[in-house]
Amino acid sequence: MNLNSKIPLTMLKEGDEGIVIDIIGGRGAVSKLLALGIVPGKKVKVLGNRGGAILISINGSKFVIGRGLAMKVIVHAEQKN
Amino acid sequence: MKIAMVGNPNVGKTALLNVLTGGNFEVGNFPGTTVEKKEGKTKIDGKDVIFVDLPGIYSLEAYSLDEKVAKDFLTNERPDLILNVVNASNLERNLYLTLQLVDFKIPMILVLNMVDEAEKKGIKVDAEKLSKILGVPVVKTVAVKGIGIDELKREILKGGSVPKIEVGGDLRSKLETAEKIVKEVVKIEKKRVDLTEVFDEVFMDRHLGIPIFIAFMWMMFTFTYTVATPLTNLIASVFSILSERISSMNGILFSLIGKGIIKGVGSVLVFLPNIAFLFIALALLELSGYMSRAVYLMDGIMTTFGLTGRSVIPLIIGFGCNVPAVMATRTIEDDKVRIATILVNPFISCSARLPIYVLFAGIFFPTLGSAVIMGLYAFGVIVALISALIFRKVLLRGEAEYIIELPPYRIPNPRDVWILTWNRTKHFLQKAGTVILAMSIVIWFLTNFPNPSIDKSYAGMLGRLLQPLFAPMGWDWQFVLAILMGFVAKEVVVETLGILNTPIAKIMTMPQALAFMVFSLLYMPCLATLATIKAETGWKWTIFAVIYSFAVAYAVALTVGVVARLI
């Protein structure tokens, strides 16, 4: 499982949770995501991942993130029992 | 005294501006309602105060247009006071911006808005402690209900104070500081059941979400067309009586006013009830918070065609009228997706094209009428989506990145619905009053000179002149003239055929009729739509839209005619 520990947000399934580790990409994308509260160390929950944009909940806010942008958010998937 | 209002999107800045100034500014529950800055003037205790409502922004890094507008204003105009409007439910994220505002060293008041919503969620903010940490006055408000406004006015008169908190210059240290502050001032009590969560369980359900969305759209259309019909009929009969009365009087001036201006403008104003009702329905969808959910639900389908979930609403509005639909693309932040959405919009069959289908389907497909009409609508959607895919693969390449915050569900306030509806309807009326008025006069001239009988007029000559162009489809000159006239507004196609007393059933075959309907669906954005495309994108794309749609229409109509003959 350790191989999968750092994955893009898009790889989380509906209902999965993870911790944001890093945001890769240009300064524009990074600062936009940070300003929205998508910050390393925060817990993120995927509420919907059905092929298109991803629906997440983070910090008590919900966001729709286009798939391209979601690829740039690197998370650590939390183990689920 | 000049006061800048700064805050994240959807924190209620505009609502606050309205209660402070008694103004009528658009309020939304869809991020990005305010794209440009708005000004409101008022007097507080006899003192002149100008409020400048800046676009909702998440940061001041100036990467997007909104952020640039806000940053430039703060840097260049140096307001006397900043009202930093903050959503109490989401303090930490809102504080990132607050801590960036600190760098400007401008006196500030922190407005902790929507405290009622926060308390419903069990979130309590210690305003006094927050005020001490930041070194600025903190006022709790519920702008939409007018709560806390008197206290806010008192604080405004005192002038706020320059923030005293020390924070590093880079975003990361601001993020850390915000987290620390929130730990000290926010208490989360036991969470009550949040209605937004319950609604989202249903509306965003994997299986139910899209059927519910379709049901909402169906309701919107019934409301827009069926409910508005009596009003439409009323306007139509008033204008036709007026037009007849005036044009029956002798003299060229009466002819111009009656047959030209009143008839022309009337033929467009007939759509006013439909458009106003459509905007009411859209305002309800936006203000309730459902709109951003629809963006998510449809994103998967849209990305297949190179668009994003953001394109869905403009495309749906297109079924009503392409003019407001093109204007609705303003919420799409990616320029390429936005232009693609605008360019394909005219292929979505607007309500003005329906009379054409009804006329021809009624004559040539007496039993299959509604199936043919449904087919035309579906065909328009298919052409739009395929065109979008082509544009995004060839002309407008590049990945679209977007992120939007889902607002909580709210019950729309009738006043806000009215303001939003009126402001948008006004745009439509302005167009009817300018472009369409001018074109009505031109058309009146073309159809009444040198001979007032239309088939001997300049328009009639033009129809005959251009007929060879459409010879491959086998259409008579009357149909060519109708198409030509339909450029002003598509419903004029039917009207022209009526004026000409065209014996349609006698001079047209079924395959020709089918080709004609398809051509009418696709051939060119109407004048009002073109004017809007020009305003939103400039000449280059407007000319492209004309050429592309004409080429597609011609090719498809020819194919349809040939294929239908073979079958």
# chains A, B, ... in the order shown; residues from 1 in each chain; ligands from 1
$ residues_around --residues "region 41-44 of chain A" --least-positions-apart "3" --cutoff "7 Å" --atoms "only C-alpha atoms" --output "PyMOL selection string"
chain A and resi 17-21+56-58
$ select_by_dssp --residues "chain A" --states "strand (DSSP E or B)" --output "PyMOL selection string"
chain A and resi 6-8+17-23+43-49+54-58+61-65+73-77
$ write_last_selection --atoms "C-alpha atoms" --output "PDB file, in the first residue's frame"
ATOM      1  CA  LYS A   6       1.116   9.717  -2.764  1.00  0.00           C
ATOM      2  CA  ILE A   7      -1.551   9.945  -5.425  1.00  0.00           C
ATOM      3  CA  PRO A   8      -3.416  12.661  -7.324  1.00  0.00           C
ATOM      4  CA  GLU A  17     -10.503  10.556   2.500  1.00  0.00           C
ATOM      5  CA  GLY A  18      -6.979  11.805   2.233  1.00  0.00           C
ATOM      6  CA  ILE A  19      -4.531  14.419   3.450  1.00  0.00           C
ATOM      7  CA  VAL A  20      -3.335  17.054   1.025  1.00  0.00           C
ATOM      8  CA  ILE A  21       0.448  16.705   0.693  1.00  0.00           C
ATOM      9  CA  ASP A  22       1.419  18.947  -2.160  1.00  0.00           C
ATOM     10  CA  ILE A  23       0.130  20.977  -5.048  1.00  0.00           C
ATOM     11  CA  LYS A  43      -8.008  16.565   5.348  1.00  0.00           C
ATOM     12  CA  VAL A  44      -9.980  16.219   2.137  1.00  0.00           C
ATOM     13  CA  LYS A  45     -12.976  13.999   1.492  1.00  0.00           C
ATOM     14  CA  VAL A  46     -14.089  13.016  -1.995  1.00  0.00           C
ATOM     15  CA  LEU A  47     -17.853  13.263  -2.182  1.00  0.00           C
ATOM     16  CA  GLY A  48     -18.139  12.527  -5.866  1.00  0.00           C
ATOM     17  CA  ASN A  49     -15.839  11.188  -8.567  1.00  0.00           C
ATOM     18  CA  ILE A  54     -14.483  15.985  -8.680  1.00  0.00           C
ATOM     19  CA  LEU A  55     -16.610  17.002  -5.756  1.00  0.00           C
ATOM     20  CA  ILE A  56     -14.690  17.449  -2.522  1.00  0.00           C
ATOM     21  CA  SER A  57     -15.216  18.651   0.991  1.00  0.00           C
ATOM     22  CA  ILE A  58     -12.330  20.352   2.746  1.00  0.00           C
ATOM     23  CA  SER A  61     -16.396  23.939   2.314  1.00  0.00           C
ATOM     24  CA  LYS A  62     -17.398  22.001  -0.739  1.00  0.00           C
ATOM     25  CA  PHE A  63     -15.777  22.482  -4.116  1.00  0.00           C
ATOM     26  CA  VAL A  64     -16.219  21.230  -7.639  1.00  0.00           C
ATOM     27  CA  ILE A  65     -12.748  20.870  -9.154  1.00  0.00           C
ATOM     28  CA  VAL A  73      -3.499  18.086  -5.958  1.00  0.00           C
ATOM     29  CA  ILE A  74      -1.366  15.331  -4.468  1.00  0.00           C
ATOM     30  CA  VAL A  75      -2.863  13.532  -1.498  1.00  0.00           C
ATOM     31  CA  HIS A  76      -1.959  10.806   0.917  1.00  0.00           C
ATOM     32  CA  ALA A  77      -4.819   8.306   0.872  1.00  0.00           C
TER      33      ALA A  77
END
$ residues_around --residues "Ala88 (chain B)" --least-positions-apart "6" --cutoff "6 Å" --atoms "only C-alpha atoms" --output "list in words"
Leu112, Asn113, Met114, Val115 and Ala118 of chain B
$ write_last_selection --atoms "C-alpha atoms" --output "PDB file, in the first residue's frame"
ATOM      1  CA  LEU B 112     -18.464  38.884  10.334  1.00  0.00           C
ATOM      2  CA  ASN B 113     -21.441  38.219   8.104  1.00  0.00           C
ATOM      3  CA  MET B 114     -23.933  35.362   7.974  1.00  0.00           C
ATOM      4  CA  VAL B 115     -23.532  34.638  11.665  1.00  0.00           C
ATOM      5  CA  ALA B 118     -22.805  29.747  11.143  1.00  0.00           C
TER       6      ALA B 118
END
$ interface_residues --of "chain A" --to "chain B" --cutoff "7 Å" --atoms "only C-alpha atoms" --output "list in words"
Gly28, Ala35, Leu36, Gly37, Gly51, Gly52, Ala53, Lys62, Phe63, Val64, Ile65, Gly66, Gly68 and Leu69 of chain A
$ closest_residue --among "B:Ser440, B:Ser243, B:His207, B:Trp477" --to "Arg50 (chain A)" --atoms "only C-alpha atoms"
B:His207
$ atom_distance --atom1 "CA of Lys540 (chain B)" --atom2 "CA of Val381 (chain B)"
24.1 Å
$ select_by_dssp --residues "chain A" --states "alpha helix (DSSP H)" --output "PDB file with N, CA and C atoms, in the first residue's frame"
ATOM      1  N   ARG A  27       2.527  28.618 -10.748  1.00  0.00           N
ATOM      2  CA  ARG A  27       2.246  29.498  -9.613  1.00  0.00           C
ATOM      3  C   ARG A  27       0.773  29.877  -9.528  1.00  0.00           C
ATOM      4  N   GLY A  28       0.164  30.068 -10.682  1.00  0.00           N
ATOM      5  CA  GLY A  28      -1.244  30.447 -10.726  1.00  0.00           C
ATOM      6  C   GLY A  28      -2.128  29.394 -10.075  1.00  0.00           C
ATOM      7  N   ALA A  29      -1.962  28.144 -10.539  1.00  0.00           N
ATOM      8  CA  ALA A  29      -2.789  27.065 -10.013  1.00  0.00           C
ATOM      9  C   ALA A  29      -2.537  26.885  -8.523  1.00  0.00           C
ATOM     10  N   VAL A  30      -1.251  26.897  -8.133  1.00  0.00           N
ATOM     11  CA  VAL A  30      -0.909  26.660  -6.730  1.00  0.00           C
ATOM     12  C   VAL A  30      -1.531  27.730  -5.837  1.00  0.00           C
ATOM     13  N   SER A  31      -1.333  28.993  -6.201  1.00  0.00           N
ATOM     14  CA  SER A  31      -1.802  30.037  -5.288  1.00  0.00           C
ATOM     15  C   SER A  31      -3.325  30.085  -5.250  1.00  0.00           C
ATOM     16  N   LYS A  32      -3.954  29.731  -6.381  1.00  0.00           N
ATOM     17  CA  LYS A  32      -5.411  29.710  -6.401  1.00  0.00           C
ATOM     18  C   LYS A  32      -5.941  28.646  -5.431  1.00  0.00           C
ATOM     19  N   LEU A  33      -5.367  27.460  -5.525  1.00  0.00           N
ATOM     20  CA  LEU A  33      -5.828  26.379  -4.661  1.00  0.00           C
ATOM     21  C   LEU A  33      -5.548  26.685  -3.192  1.00  0.00           C
ATOM     22  N   LEU A  34      -4.367  27.227  -2.923  1.00  0.00           N
ATOM     23  CA  LEU A  34      -4.034  27.562  -1.528  1.00  0.00           C
ATOM     24  C   LEU A  34      -5.028  28.582  -0.984  1.00  0.00           C
ATOM     25  N   ALA A  35      -5.297  29.612  -1.792  1.00  0.00           N
ATOM     26  CA  ALA A  35      -6.190  30.671  -1.323  1.00  0.00           C
ATOM     27  C   ALA A  35      -7.584  30.140  -1.042  1.00  0.00           C
ATOM     28  N   ARG A  67     -11.284  18.150 -13.555  1.00  0.00           N
ATOM     29  CA  ARG A  67     -10.371  17.014 -13.439  1.00  0.00           C
ATOM     30  C   ARG A  67      -8.909  17.415 -13.635  1.00  0.00           C
ATOM     31  N   GLY A  68      -8.697  18.331 -14.580  1.00  0.00           N
ATOM     32  CA  GLY A  68      -7.325  18.760 -14.852  1.00  0.00           C
ATOM     33  C   GLY A  68      -6.662  19.366 -13.629  1.00  0.00           C
ATOM     34  N   LEU A  69      -7.398  20.208 -12.944  1.00  0.00           N
ATOM     35  CA  LEU A  69      -6.849  20.878 -11.767  1.00  0.00           C
ATOM     36  C   LEU A  69      -6.693  19.880 -10.610  1.00  0.00           C
ATOM     37  N   ALA A  70      -7.650  18.960 -10.518  1.00  0.00           N
ATOM     38  CA  ALA A  70      -7.602  17.970  -9.435  1.00  0.00           C
ATOM     39  C   ALA A  70      -6.377  17.062  -9.558  1.00  0.00           C
TER      40      ALA A  70
END
